[in-house]
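Listing of target_24.txt, compact mmCIF, C-alpha atoms and all ligand atoms
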# COMPACT_ATOMS: atom_id res chain seq x y z
CA LEU N 19 -3.79 16.49 9.18
CA ARG N 20 -1.88 14.31 11.59
CA CYS N 21 -4.45 12.38 13.60
CA GLU N 22 -4.66 10.90 17.06
CA ALA N 23 -4.37 7.16 17.58
CA SER N 24 -7.80 5.51 17.82
CA PRO N 25 -9.11 4.58 21.31
CA ALA N 26 -8.64 0.92 20.41
CA ALA N 27 -5.03 1.65 19.47
CA GLN N 28 -4.41 3.39 22.78
CA GLU N 29 -5.94 0.50 24.66
CA ALA N 30 -3.85 -2.04 22.81
CA SER N 31 -0.67 -0.32 23.95
CA THR N 32 -1.16 -2.47 27.08
CA MET N 33 0.59 -5.09 24.97
CA VAL N 34 3.77 -3.95 26.63
CA SER N 35 3.54 -5.86 29.90
CA GLU N 36 4.40 -4.65 33.40
CA ALA N 37 7.99 -5.74 33.08
CA GLY N 38 8.19 -3.51 30.01
CA MET N 39 8.69 -6.56 27.84
CA PRO N 40 6.27 -7.25 25.01
CA ARG N 41 4.09 -10.31 25.64
CA THR N 42 3.05 -12.62 22.86
CA ALA N 43 0.62 -10.74 20.71
CA VAL N 44 -1.73 -12.00 18.01
CA VAL N 45 -1.57 -10.02 14.78
CA GLY N 46 -4.24 -10.71 12.18
CA VAL N 47 -3.36 -9.82 8.59
CA LEU N 48 -5.87 -9.34 5.79
CA GLY N 49 -4.21 -11.09 2.85
CA GLY N 50 -1.77 -13.99 2.80
CA GLY N 51 0.37 -13.45 -0.29
CA GLN N 52 4.15 -12.99 -0.34
CA LEU N 53 3.94 -9.91 1.89
CA GLY N 54 1.97 -11.89 4.45
CA LYS N 55 4.54 -14.66 4.19
CA MET N 56 7.47 -12.33 4.87
CA LEU N 57 5.52 -10.75 7.75
CA GLY N 58 5.03 -14.28 9.09
CA GLN N 59 8.74 -15.06 8.84
CA GLU N 60 9.59 -12.00 10.94
CA ALA N 61 6.71 -12.65 13.33
CA ALA N 62 8.02 -16.16 14.02
CA LYS N 63 11.42 -14.69 14.87
CA MET N 64 9.86 -12.10 17.18
CA GLY N 65 7.51 -14.48 18.97
CA VAL N 66 4.46 -12.75 17.54
CA ALA N 67 1.57 -15.05 16.58
CA LEU N 68 0.52 -14.17 13.05
CA LYS N 69 -2.60 -15.31 11.26
CA VAL N 70 -3.82 -14.41 7.82
CA LEU N 71 -7.22 -14.21 6.13
CA ASP N 72 -6.97 -15.28 2.49
CA PRO N 73 -9.41 -16.95 0.09
CA THR N 74 -6.81 -19.08 -1.76
CA PRO N 75 -6.19 -22.46 -0.12
CA ASP N 76 -2.52 -22.89 0.86
CA CYS N 77 -1.74 -19.22 0.22
CA PRO N 78 2.00 -18.27 0.33
CA ALA N 79 1.78 -17.13 3.97
CA SER N 80 0.23 -20.43 5.11
CA VAL N 81 3.66 -22.07 5.49
CA VAL N 82 4.61 -19.64 8.27
CA ALA N 83 1.26 -18.40 9.61
CA LYS N 84 -2.11 -19.81 10.50
CA GLN N 85 -4.42 -19.30 7.53
CA VAL N 86 -8.11 -18.69 7.93
CA LEU N 87 -9.81 -19.41 4.63
CA GLY N 88 -12.03 -16.51 3.63
CA SER N 89 -12.29 -13.27 1.75
CA PHE N 90 -10.82 -10.02 3.05
CA ARG N 91 -13.62 -8.35 1.08
CA ASP N 92 -16.30 -10.15 3.10
CA ARG N 93 -17.46 -8.15 6.10
CA GLU N 94 -18.63 -11.15 8.10
CA ALA N 95 -15.39 -13.04 7.46
CA VAL N 96 -13.24 -10.06 8.50
CA GLN N 97 -15.16 -9.49 11.74
CA GLN N 98 -15.04 -13.18 12.64
CA PHE N 99 -11.31 -13.34 11.81
CA ALA N 100 -10.51 -10.31 13.99
CA LYS N 101 -12.13 -11.77 17.12
CA ASP N 102 -9.06 -13.27 18.78
CA CYS N 103 -6.53 -10.73 17.44
CA ASP N 104 -4.82 -7.96 19.39
CA VAL N 105 -4.22 -6.04 16.18
CA LEU N 106 -5.76 -6.22 12.73
CA THR N 107 -3.62 -5.04 9.82
CA VAL N 108 -3.28 -5.58 6.07
CA GLU N 109 -0.83 -6.78 3.44
CA ILE N 110 -3.08 -5.62 0.61
CA GLU N 111 -5.15 -2.43 0.43
CA HIS N 112 -8.01 -3.83 -1.63
CA ILE N 113 -9.90 -5.03 1.42
CA ASP N 114 -13.30 -4.19 2.88
CA ALA N 115 -12.55 -0.95 4.76
CA ASP N 116 -16.09 -0.86 6.22
CA ALA N 117 -15.46 -4.25 7.83
CA MET N 118 -12.23 -2.92 9.34
CA GLN N 119 -14.11 0.11 10.59
CA ALA N 120 -16.70 -2.14 12.24
CA VAL N 121 -13.89 -4.05 13.98
CA ALA N 122 -12.34 -0.79 15.17
CA GLU N 123 -15.65 0.53 16.51
CA GLN N 124 -17.18 -2.62 17.95
CA SER N 125 -14.24 -4.39 19.57
CA ALA N 126 -11.07 -3.81 21.54
CA VAL N 127 -8.98 -4.95 18.58
CA ALA N 128 -6.62 -2.25 17.32
CA VAL N 129 -6.87 -1.62 13.59
CA GLU N 130 -3.68 -0.30 11.96
CA PRO N 131 -3.42 1.62 9.74
CA THR N 132 -6.89 3.16 10.06
CA PRO N 133 -9.81 2.20 7.80
CA HIS N 134 -9.90 5.84 6.67
CA THR N 135 -6.33 5.59 5.40
CA LEU N 136 -7.18 2.40 3.53
CA ARG N 137 -10.24 4.04 2.00
CA VAL N 138 -8.21 7.03 0.79
CA ILE N 139 -5.49 4.84 -0.71
CA GLN N 140 -7.78 2.23 -2.30
CA ASP N 141 -9.02 4.86 -4.72
CA LYS N 142 -6.00 6.27 -6.54
CA TYR N 143 -7.95 9.36 -7.62
CA ARG N 144 -9.09 10.09 -4.08
CA GLN N 145 -5.51 9.43 -2.95
CA LYS N 146 -4.21 12.06 -5.40
CA GLN N 147 -6.86 14.54 -4.19
CA HIS N 148 -5.94 13.85 -0.57
CA PHE N 149 -2.21 14.41 -1.08
CA SER N 150 -2.79 17.41 -3.29
CA GLU N 151 -4.89 19.03 -0.53
CA ALA N 152 -2.10 18.24 1.95
CA GLY N 153 0.34 20.16 -0.24
CA VAL N 154 2.38 17.12 -1.34
CA PRO N 155 3.92 17.82 -4.78
CA LEU N 156 2.41 15.67 -7.54
CA CYS N 157 1.53 15.81 -11.23
CA ASP N 158 -1.69 17.32 -12.59
CA PHE N 159 -4.59 14.89 -12.65
CA ARG N 160 -8.32 14.95 -13.34
CA GLU N 161 -11.30 12.68 -13.31
CA VAL N 162 -12.33 11.11 -16.65
CA LYS N 163 -16.01 10.21 -16.82
CA CYS N 164 -16.67 10.44 -20.55
CA SER N 165 -14.97 10.91 -23.91
CA LYS N 166 -15.28 14.69 -23.58
CA CYS N 167 -13.29 14.56 -20.32
CA ALA N 168 -10.69 12.30 -21.92
CA GLU N 169 -10.27 14.74 -24.82
CA GLY N 170 -10.14 17.62 -22.36
CA ALA N 171 -7.33 15.88 -20.47
CA GLY N 172 -5.41 15.59 -23.74
CA ARG N 173 -5.88 19.29 -24.46
CA SER N 174 -4.73 20.45 -21.04
CA PHE N 175 -2.02 17.82 -20.31
CA GLY N 176 -0.88 17.16 -23.87
CA PHE N 177 -0.08 13.68 -25.21
CA PRO N 178 0.96 11.18 -24.14
CA TYR N 179 -0.87 11.11 -20.83
CA MET N 180 -1.57 8.26 -18.45
CA LEU N 181 -5.10 6.97 -18.01
CA LYS N 182 -5.58 5.06 -14.77
CA CYS N 183 -8.25 3.00 -13.05
CA LYS N 184 -9.17 4.49 -9.70
CA ARG N 185 -9.50 1.14 -7.97
CA LEU N 186 -8.04 -2.38 -7.77
CA ALA N 187 -4.87 -1.38 -9.62
CA TYR N 188 -1.52 -3.10 -9.16
CA ASP N 189 1.58 -3.93 -11.18
CA GLY N 190 0.52 -1.47 -13.87
CA ARG N 191 -2.73 -3.41 -14.51
CA GLY N 192 -5.12 -0.52 -14.52
CA ASN N 193 -2.88 1.92 -16.41
CA ALA N 194 -2.95 2.75 -20.12
CA VAL N 195 -0.90 5.29 -22.05
CA VAL N 196 -2.98 7.60 -24.23
CA SER N 197 -0.71 8.68 -27.08
CA SER N 198 -3.15 10.76 -29.09
CA GLU N 199 -6.81 11.73 -29.30
CA GLU N 200 -7.36 8.77 -31.64
CA GLY N 201 -5.93 6.44 -28.98
CA ILE N 202 -8.47 7.38 -26.30
CA ALA N 203 -11.12 4.79 -27.19
CA ALA N 204 -8.67 1.87 -27.12
CA ALA N 205 -7.14 2.95 -23.81
CA VAL N 206 -10.57 3.37 -22.22
CA GLU N 207 -11.65 -0.03 -23.49
CA ALA N 208 -8.46 -1.68 -22.22
CA LEU N 209 -9.28 -0.39 -18.74
CA GLY N 210 -12.86 -1.66 -18.78
CA GLY N 211 -14.72 1.43 -19.98
CA TYR N 212 -15.61 4.73 -18.29
CA GLU N 213 -17.87 2.92 -15.83
CA ALA N 214 -14.78 1.23 -14.34
CA GLY N 215 -13.93 4.63 -12.79
CA LEU N 216 -11.02 6.36 -14.51
CA TYR N 217 -8.81 9.39 -14.09
CA ALA N 218 -5.99 10.95 -16.09
CA GLU N 219 -2.49 11.96 -15.03
CA LYS N 220 -0.20 14.30 -16.89
CA TRP N 221 2.84 12.47 -18.24
CA VAL N 222 5.78 12.78 -15.84
CA PRO N 223 9.10 13.01 -17.75
CA PHE N 224 11.02 11.54 -14.84
CA VAL N 225 14.80 11.04 -14.74
CA CYS N 226 14.29 8.03 -12.50
CA GLU N 227 11.93 6.58 -9.94
CA LEU N 228 12.82 6.52 -6.26
CA ALA N 229 10.97 4.86 -3.41
CA VAL N 230 11.21 4.91 0.33
CA MET N 231 9.61 2.91 3.09
CA VAL N 232 8.38 5.17 5.89
CA VAL N 233 7.29 3.65 9.19
CA ARG N 234 5.02 5.39 11.65
CA SER N 235 4.46 4.43 15.25
CA ARG N 236 1.17 4.73 17.08
CA ASP N 237 2.33 7.99 18.66
CA GLY N 238 2.88 9.49 15.21
CA SER N 239 6.68 9.50 15.10
CA LEU N 240 8.23 8.63 11.75
CA ALA N 241 11.33 6.76 10.64
CA SER N 242 12.49 6.19 7.07
CA PHE N 243 14.46 3.39 5.47
CA PRO N 244 17.12 4.35 2.89
CA VAL N 245 15.94 5.63 -0.49
CA VAL N 246 15.96 3.06 -3.30
CA GLN N 247 16.10 3.56 -7.02
CA THR N 248 13.47 1.48 -8.78
CA ILE N 249 13.31 0.19 -12.33
CA HIS N 250 10.05 -1.05 -13.80
CA LYS N 251 9.61 -3.38 -16.75
CA ASP N 252 6.19 -3.16 -18.44
CA SER N 253 4.98 -1.13 -15.43
CA ILE N 254 5.97 -3.91 -12.98
CA LEU N 255 8.72 -3.33 -10.45
CA TRP N 256 11.80 -5.20 -11.67
CA THR N 257 14.79 -4.04 -9.61
CA THR N 258 15.62 -1.81 -6.68
CA GLU N 259 19.07 -0.52 -5.84
CA THR N 260 20.31 1.18 -2.72
CA PRO N 261 22.13 3.47 -2.19
CA ALA N 262 20.25 5.19 -5.01
CA ARG N 263 22.67 6.65 -7.56
CA VAL N 264 21.29 10.18 -7.33
CA PRO N 265 22.72 13.25 -5.56
CA PRO N 266 22.25 13.41 -1.76
CA ALA N 267 20.04 16.50 -2.15
CA ALA N 268 17.61 14.51 -4.30
CA GLN N 269 17.54 11.70 -1.74
CA ARG N 270 16.81 14.16 1.04
CA ARG N 271 14.00 15.66 -1.01
CA VAL N 272 12.49 12.21 -1.65
CA GLN N 273 12.58 11.52 2.06
CA GLU N 274 10.91 14.88 2.81
CA VAL N 275 8.13 14.32 0.28
CA ALA N 276 7.61 10.75 1.49
CA GLU N 277 7.38 11.79 5.13
CA GLN N 278 5.06 14.65 4.24
CA ALA N 279 2.78 12.17 2.46
CA VAL N 280 2.76 9.65 5.31
CA ALA N 281 2.20 12.42 7.87
CA ALA N 282 -0.98 13.26 5.95
CA LEU N 283 -2.37 9.76 6.62
CA GLU N 284 -3.59 8.17 9.83
CA GLY N 285 -2.47 5.05 11.60
CA ALA N 286 0.61 3.00 12.37
CA GLY N 287 2.61 0.71 10.12
CA VAL N 288 4.97 0.91 7.18
CA PHE N 289 4.06 2.80 4.04
CA GLY N 290 5.70 2.28 0.65
CA VAL N 291 6.09 5.65 -1.04
CA GLU N 292 6.84 5.82 -4.78
CA THR N 293 8.20 9.07 -6.23
CA PHE N 294 9.49 10.54 -9.47
CA LEU N 295 12.71 12.57 -9.72
CA LEU N 296 12.35 15.28 -12.38
CA PRO N 297 15.10 16.78 -14.55
CA ASP N 298 15.10 20.02 -12.50
CA GLY N 299 15.81 18.07 -9.30
CA SER N 300 12.29 18.37 -7.94
CA VAL N 301 10.40 15.34 -6.66
CA GLN N 302 6.77 14.37 -7.22
CA LEU N 303 4.78 11.75 -5.37
CA ASN N 304 3.52 8.84 -7.48
CA GLU N 305 1.58 6.76 -4.96
CA VAL N 306 1.59 5.35 -1.45
CA ALA N 307 0.91 1.79 -0.30
CA PRO N 308 -0.32 1.44 3.32
CA ARG N 309 1.70 -1.74 4.00
CA PRO N 310 5.04 -3.44 3.35
CA HIS N 311 5.98 -2.93 -0.28
CA ASN N 312 8.01 -4.63 -2.97
CA SER N 313 10.49 -1.74 -3.02
CA GLY N 314 11.27 -2.52 0.64
CA HIS N 315 12.13 -6.21 0.25
CA TYR N 316 15.85 -5.41 0.24
CA THR N 317 15.55 -4.37 3.91
CA ILE N 318 15.44 -8.05 4.97
CA GLU N 319 19.09 -8.60 4.09
CA ALA N 320 20.37 -5.03 3.84
CA CYS N 321 19.03 -3.14 6.87
CA SER N 322 19.38 -3.49 10.62
CA SER N 323 15.69 -4.36 10.81
CA SER N 324 13.41 -5.23 7.91
CA GLN N 325 10.27 -3.44 6.73
CA PHE N 326 8.29 -6.46 7.97
CA GLU N 327 9.74 -6.24 11.47
CA ALA N 328 9.12 -2.47 11.35
CA HIS N 329 5.49 -3.01 10.39
CA LEU N 330 4.90 -5.46 13.24
CA ARG N 331 6.65 -3.22 15.77
CA ALA N 332 4.62 -0.22 14.60
CA VAL N 333 1.18 -1.84 14.58
CA LEU N 334 1.86 -3.39 18.00
CA GLY N 335 2.85 -0.03 19.48
CA TRP N 336 6.43 -1.16 20.12
CA PRO N 337 9.57 0.96 19.54
CA LEU N 338 10.32 1.31 15.83
CA GLY N 339 13.85 -0.07 15.65
CA ASP N 340 16.87 0.71 13.52
CA THR N 341 16.10 1.35 9.84
CA SER N 342 19.66 2.03 8.65
CA LEU N 343 21.57 0.19 5.94
CA ARG N 344 23.95 -2.38 7.40
CA VAL N 345 25.71 -3.32 4.16
CA GLY N 346 27.48 -1.16 1.57
CA ALA N 347 24.86 -1.68 -1.14
CA SER N 348 22.07 -3.96 -2.29
CA ILE N 349 20.07 -4.82 -5.38
CA MET N 350 16.73 -6.61 -5.33
CA LEU N 351 15.57 -8.43 -8.46
CA ASN N 352 11.97 -9.60 -8.81
CA ILE N 353 11.51 -13.05 -10.28
CA LEU N 354 8.64 -12.49 -12.70
CA GLY N 355 6.96 -15.40 -14.44
CA GLU N 356 8.25 -15.65 -18.00
CA ALA N 357 5.90 -18.38 -19.18
CA GLU N 358 2.91 -20.44 -18.02
CA GLY N 359 3.19 -23.41 -15.70
CA GLU N 360 6.16 -25.76 -15.78
CA GLU N 361 8.11 -23.83 -18.39
CA GLY N 362 7.79 -20.68 -16.27
CA GLU N 363 8.90 -22.59 -13.21
CA ARG N 364 11.89 -24.09 -15.05
CA ARG N 365 13.12 -20.63 -16.10
CA ALA N 366 12.68 -19.22 -12.62
CA HIS N 367 14.62 -22.15 -11.17
CA GLN N 368 17.50 -21.50 -13.57
CA LEU N 369 17.69 -17.94 -12.29
CA MET N 370 17.57 -19.11 -8.69
CA ALA N 371 20.23 -21.77 -9.32
CA ARG N 372 22.61 -19.07 -10.61
CA ALA N 373 21.81 -16.90 -7.57
CA TYR N 374 22.68 -19.72 -5.16
CA GLY N 375 26.16 -19.69 -6.68
CA VAL N 376 26.77 -15.97 -6.18
CA PRO N 377 28.09 -14.62 -2.86
CA GLY N 378 25.81 -12.13 -1.16
CA ALA N 379 22.71 -13.30 -3.03
CA SER N 380 19.64 -14.55 -1.14
CA VAL N 381 16.68 -16.29 -2.74
CA HIS N 382 13.04 -15.80 -1.82
CA TRP N 383 10.49 -18.15 -3.42
CA TYR N 384 6.90 -17.28 -2.66
CA GLY N 385 5.35 -20.70 -3.28
CA LYS N 386 2.38 -19.45 -5.27
CA ALA N 387 0.06 -22.07 -6.71
CA GLY N 388 0.98 -21.35 -10.31
CA VAL N 389 3.51 -19.53 -12.45
CA ALA N 390 2.08 -17.16 -15.03
CA PRO N 391 3.70 -14.52 -17.23
CA GLN N 392 4.36 -11.23 -15.39
CA ARG N 393 3.40 -12.73 -12.04
CA LYS N 394 5.69 -12.00 -9.08
CA ILE N 395 6.79 -15.47 -8.00
CA GLY N 396 9.89 -14.68 -5.97
CA HIS N 397 12.75 -12.25 -5.62
CA LEU N 398 16.50 -12.14 -5.06
CA THR N 399 18.43 -9.74 -2.91
CA ILE N 400 22.13 -9.21 -3.51
CA VAL N 401 24.24 -7.43 -0.92
CA GLY N 402 27.85 -6.30 -1.19
CA ARG N 403 30.47 -3.68 -0.41
CA ASP N 404 29.29 -1.05 -2.88
CA ASN N 405 27.06 -0.45 -5.93
CA ASP N 406 29.74 -1.74 -8.32
CA GLU N 407 30.07 -5.01 -6.48
CA VAL N 408 26.33 -5.72 -6.32
CA ARG N 409 25.97 -4.80 -9.98
CA ARG N 410 28.77 -7.24 -10.90
CA ARG N 411 27.04 -9.91 -8.85
CA LEU N 412 23.70 -9.19 -10.53
CA ARG N 413 25.36 -9.60 -13.95
CA LEU N 414 26.35 -13.15 -13.01
CA ILE N 415 22.69 -13.94 -12.37
CA ASP N 416 20.75 -11.89 -14.94
CA ALA N 417 22.60 -9.91 -17.61
CA GLY N 418 19.39 -8.28 -18.88
CA ALA N 419 18.56 -6.87 -15.46
CA ALA N 420 22.18 -5.77 -15.00
CA ASP N 421 21.99 -3.85 -18.31
CA ALA N 422 18.79 -2.15 -17.12
CA VAL N 423 20.40 -1.11 -13.82
CA GLU N 424 23.64 0.25 -15.42
P1 LIG N 501 2.04 -0.74 -8.12
O1 LIG N 501 2.26 -2.16 -8.48
O2 LIG N 501 3.29 -0.01 -7.73
O3 LIG N 501 0.90 -0.51 -7.17
P2 LIG N 501 0.30 0.55 -10.05
O4 LIG N 501 -0.39 -0.47 -10.86
O5 LIG N 501 -0.47 1.23 -8.97
O6 LIG N 501 1.67 -0.02 -9.50
P3 LIG N 501 1.47 3.08 -10.90
O7 LIG N 501 2.40 3.15 -9.76
O8 LIG N 501 0.38 4.09 -10.99
O9 LIG N 501 0.82 1.62 -11.08
O10 LIG N 501 2.30 3.14 -12.26
C1 LIG N 501 3.20 2.11 -12.62
C2 LIG N 501 4.38 2.72 -13.31
O11 LIG N 501 3.96 3.43 -14.49
C3 LIG N 501 5.12 3.77 -12.49
O12 LIG N 501 6.02 3.19 -11.57
C4 LIG N 501 5.81 4.56 -13.59
O13 LIG N 501 6.91 3.85 -14.10
C5 LIG N 501 4.73 4.62 -14.66
N1 LIG N 501 3.87 5.81 -14.47
C6 LIG N 501 2.82 5.91 -13.63
N2 LIG N 501 2.25 7.12 -13.69
C7 LIG N 501 2.96 7.84 -14.58
C8 LIG N 501 2.85 9.18 -15.10
N3 LIG N 501 1.90 10.02 -14.70
N4 LIG N 501 3.78 9.57 -16.01
C9 LIG N 501 4.75 8.72 -16.43
N5 LIG N 501 4.88 7.45 -16.01
C10 LIG N 501 4.00 7.00 -15.09
MG MG N 502 -0.30 1.01 -6.96
MG MG N 503 3.11 1.98 -8.28
Show me this structure written as structure tokens.
Amino acid sequence: LRCEASPAAQEASTMVSEAGMPRTAVVGVLGGGQLGKMLGQEAAKMGVALKVLDPTPDCPASVVAKQVLGSFRDREAVQQFAKDCDVLTVEIEHIDADAMQAVAEQSAVAVEPTPHTLRVIQDKYRQKQHFSEAGVPLCDFREVKCSKCAEGAGRSFGFPYMLKCKRLAYDGRGNAVVSSEEGIAAAVEALGGYEAGLYAEKWVPFVCELAVMVVRSRDGSLASFPVVQTIHKDSILWTTETPARVPPAAQRRVQEVAEQAVAALEGAGVFGVETFLLPDGSVQLNEVAPRPHNSGHYTIEACSSSQFEAHLRAVLGWPLGDTSLRVGASIMLNILGEAEGEEGERRAHQLMARAYGVPGASVHWYGKAGVAPQRKIGHLTIVGRDNDEVRRRLRLIDAGAADAVE
């Protein structure tokens, strides 16, 4: 299933100049949220010119990258945007894959990862089918088109099971737990009805969730960042910790499954791979994101090179770089909006003020236009000698999160 680099990708490898040194390259990114911003911060350091296509005026990335105002779901806008880029890539998967395909076919611009990969991942049901066919271990799943299918899922998977939207899902929006046959109608309604496009997953009784960022170069070679343990609150990523506090054999297995999954996709870049560790020590894939990922934010402070640098190197066809941990341990804490508007901002600032007083803690504020409950508005990364030290430091900032991590 491993595929060749596209002709455009091969051509764009001329970005390494005669002297063997990379020349200034223009990378166009579909999406200009916090991931685009952190890509822009690395790009500035590396001398890469980064521009983003985003419909929201003054999007988070606009402070470090040139923003072109427009929709990444608009074919015309994407093709126009790509014109003066060497490489077109994404920081969100919910883009117009046909537009990316047109850019790949009708211009010399390299498109990484491939439109096909984006198409497979955009639809979580198709993604599950794809990985299942590639032999990647994952839970049972089935399409749910009507109430009969939903009842059938309950009979074969048992209750509870997870009902999911196939498309446009993020931060758990698009998932509903079905606890019993009587609960089907409410879950379906919460997700926008059968016509929204739904599928069911068997409930995974995981011990913990583990994630790993895998980077792939244009020539298909892979490198992995360290495995992180993730904790979600209301289905939204809350904390990551590395080294993960699970046996080395489990970490190796996560890495194997993650690399197997990424090897079954096409194109260069970083991929965020979410997995479940089961009580018997086996590992199942949850999902893959074809871009930098929240569970890889810790790499900025904790690894020799960050996931954002890795993504830029990979899509540009440059050597991948060192992905190893350069500190003893790290914890990342998402700053999630706790209230609307000013009150939400005030609470976030209190958290940040405490972080500024703790050694080893770095603050990232995304600069989004508004604070709303459950919205990712920033994150903190704490580094230290070992897990105990970073946990103690986290406790000084957020006791609730520290309790969740312990
Ligand atoms: P993301 O923001 O990571 O893209 P998402 O909206 O795509 O999230 P999922 O990753 O599908 O959502 O699920 C969110 C969380 O819900 C998972 O991290 C896990 O905690 C829980 N979850 C998902 N699927 C299952 C399952 N089949 N069984 C048990 N828990 C699950
Ligand atoms: Mg997802
Ligand atoms: Mg997820």
Practice prompt. Return as a VMD selection string the residues of protein, DNA or RNA that approach ligand MG 502 (chain N) to within 8 Å, with all atoms listed in the file taken into account.
Written response: chain N and resid 142 187 to 190 305 to 307
Discussion item. Could you check the closest approach to ligand LIG 501 (chain N) for each of N:Phe159, N:Tyr143, N:Trp221, N:Trp256 and tell me which residue wins, using all atoms listed in the file?
Written reply: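 Nearest candidate to ligand LIG 501 (chain N) out of N:Phe159, N:Tyr143, N:Trp221, N:Trp256: N:Trp221.
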Could the residues that lie within 10 Å of ligand LIG 501 (chain N), counting only C-alpha atoms and all ligand atoms, be listed as a PDB file with C-alpha atoms, in the frame of the given file?
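Wrote it out as out-v1.pdb, contents follow:
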ATOM      1  CA  GLU N 111      -5.150  -2.430   0.430  1.00  0.00           C
ATOM      2  CA  GLN N 140      -7.780   2.230  -2.300  1.00  0.00           C
ATOM      3  CA  LYS N 142      -6.000   6.270  -6.540  1.00  0.00           C
ATOM      4  CA  LEU N 156       2.410  15.670  -7.540  1.00  0.00           C
ATOM      5  CA  CYS N 157       1.530  15.810 -11.230  1.00  0.00           C
ATOM      6  CA  ASP N 158      -1.690  17.320 -12.590  1.00  0.00           C
ATOM      7  CA  PHE N 159      -4.590  14.890 -12.650  1.00  0.00           C
ATOM      8  CA  PRO N 178       0.960  11.180 -24.140  1.00  0.00           C
ATOM      9  CA  TYR N 179      -0.870  11.110 -20.830  1.00  0.00           C
ATOM     10  CA  MET N 180      -1.570   8.260 -18.450  1.00  0.00           C
ATOM     11  CA  LEU N 181      -5.100   6.970 -18.010  1.00  0.00           C
ATOM     12  CA  LYS N 182      -5.580   5.060 -14.770  1.00  0.00           C
ATOM     13  CA  CYS N 183      -8.250   3.000 -13.050  1.00  0.00           C
ATOM     14  CA  LYS N 184      -9.170   4.490  -9.700  1.00  0.00           C
ATOM     15  CA  ARG N 185      -9.500   1.140  -7.970  1.00  0.00           C
ATOM     16  CA  LEU N 186      -8.040  -2.380  -7.770  1.00  0.00           C
ATOM     17  CA  ALA N 187      -4.870  -1.380  -9.620  1.00  0.00           C
ATOM     18  CA  TYR N 188      -1.520  -3.100  -9.160  1.00  0.00           C
ATOM     19  CA  ASP N 189       1.580  -3.930 -11.180  1.00  0.00           C
ATOM     20  CA  GLY N 190       0.520  -1.470 -13.870  1.00  0.00           C
ATOM     21  CA  ARG N 191      -2.730  -3.410 -14.510  1.00  0.00           C
ATOM     22  CA  GLY N 192      -5.120  -0.520 -14.520  1.00  0.00           C
ATOM     23  CA  ASN N 193      -2.880   1.920 -16.410  1.00  0.00           C
ATOM     24  CA  ALA N 194      -2.950   2.750 -20.120  1.00  0.00           C
ATOM     25  CA  VAL N 195      -0.900   5.290 -22.050  1.00  0.00           C
ATOM     26  CA  ALA N 218      -5.990  10.950 -16.090  1.00  0.00           C
ATOM     27  CA  GLU N 219      -2.490  11.960 -15.030  1.00  0.00           C
ATOM     28  CA  LYS N 220      -0.200  14.300 -16.890  1.00  0.00           C
ATOM     29  CA  TRP N 221       2.840  12.470 -18.240  1.00  0.00           C
ATOM     30  CA  VAL N 222       5.780  12.780 -15.840  1.00  0.00           C
ATOM     31  CA  PRO N 223       9.100  13.010 -17.750  1.00  0.00           C
ATOM     32  CA  PHE N 224      11.020  11.540 -14.840  1.00  0.00           C
ATOM     33  CA  CYS N 226      14.290   8.030 -12.500  1.00  0.00           C
ATOM     34  CA  GLU N 227      11.930   6.580  -9.940  1.00  0.00           C
ATOM     35  CA  LEU N 228      12.820   6.520  -6.260  1.00  0.00           C
ATOM     36  CA  ALA N 229      10.970   4.860  -3.410  1.00  0.00           C
ATOM     37  CA  THR N 248      13.470   1.480  -8.780  1.00  0.00           C
ATOM     38  CA  ILE N 249      13.310   0.190 -12.330  1.00  0.00           C
ATOM     39  CA  HIS N 250      10.050  -1.050 -13.800  1.00  0.00           C
ATOM     40  CA  LYS N 251       9.610  -3.380 -16.750  1.00  0.00           C
ATOM     41  CA  ASP N 252       6.190  -3.160 -18.440  1.00  0.00           C
ATOM     42  CA  SER N 253       4.980  -1.130 -15.430  1.00  0.00           C
ATOM     43  CA  ILE N 254       5.970  -3.910 -12.980  1.00  0.00           C
ATOM     44  CA  LEU N 255       8.720  -3.330 -10.450  1.00  0.00           C
ATOM     45  CA  GLY N 290       5.700   2.280   0.650  1.00  0.00           C
ATOM     46  CA  VAL N 291       6.090   5.650  -1.040  1.00  0.00           C
ATOM     47  CA  GLU N 292       6.840   5.820  -4.780  1.00  0.00           C
ATOM     48  CA  THR N 293       8.200   9.070  -6.230  1.00  0.00           C
ATOM     49  CA  PHE N 294       9.490  10.540  -9.470  1.00  0.00           C
ATOM     50  CA  GLN N 302       6.770  14.370  -7.220  1.00  0.00           C
ATOM     51  CA  LEU N 303       4.780  11.750  -5.370  1.00  0.00           C
ATOM     52  CA  ASN N 304       3.520   8.840  -7.480  1.00  0.00           C
ATOM     53  CA  GLU N 305       1.580   6.760  -4.960  1.00  0.00           C
ATOM     54  CA  VAL N 306       1.590   5.350  -1.450  1.00  0.00           C
ATOM     55  CA  ALA N 307       0.910   1.790  -0.300  1.00  0.00           C
ATOM     56  CA  HIS N 311       5.980  -2.930  -0.280  1.00  0.00           C
ATOM     57  CA  ASN N 312       8.010  -4.630  -2.970  1.00  0.00           C
ATOM     58  CA  SER N 313      10.490  -1.740  -3.020  1.00  0.00           C
TER      59      SER N 313
END
Worksheet item: Nearest to Gly285 (chain N): which of N:Ala320, N:Met350, N:Leu106, N:Val96 is it, counting only C-alpha atoms?
Response: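 When distances to Gly285 (chain N) are compared using only C-alpha atoms, the smallest one comes from N:Leu106.
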Discussion item. I'd like to know which of N:Ala168, N:Leu216, N:Val45, N:Val86 is closest to Gly201 (chain N), using only C-alpha atoms.
Written reply: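 When distances to Gly201 (chain N) are compared using only C-alpha atoms, the smallest one comes from N:Ala168.
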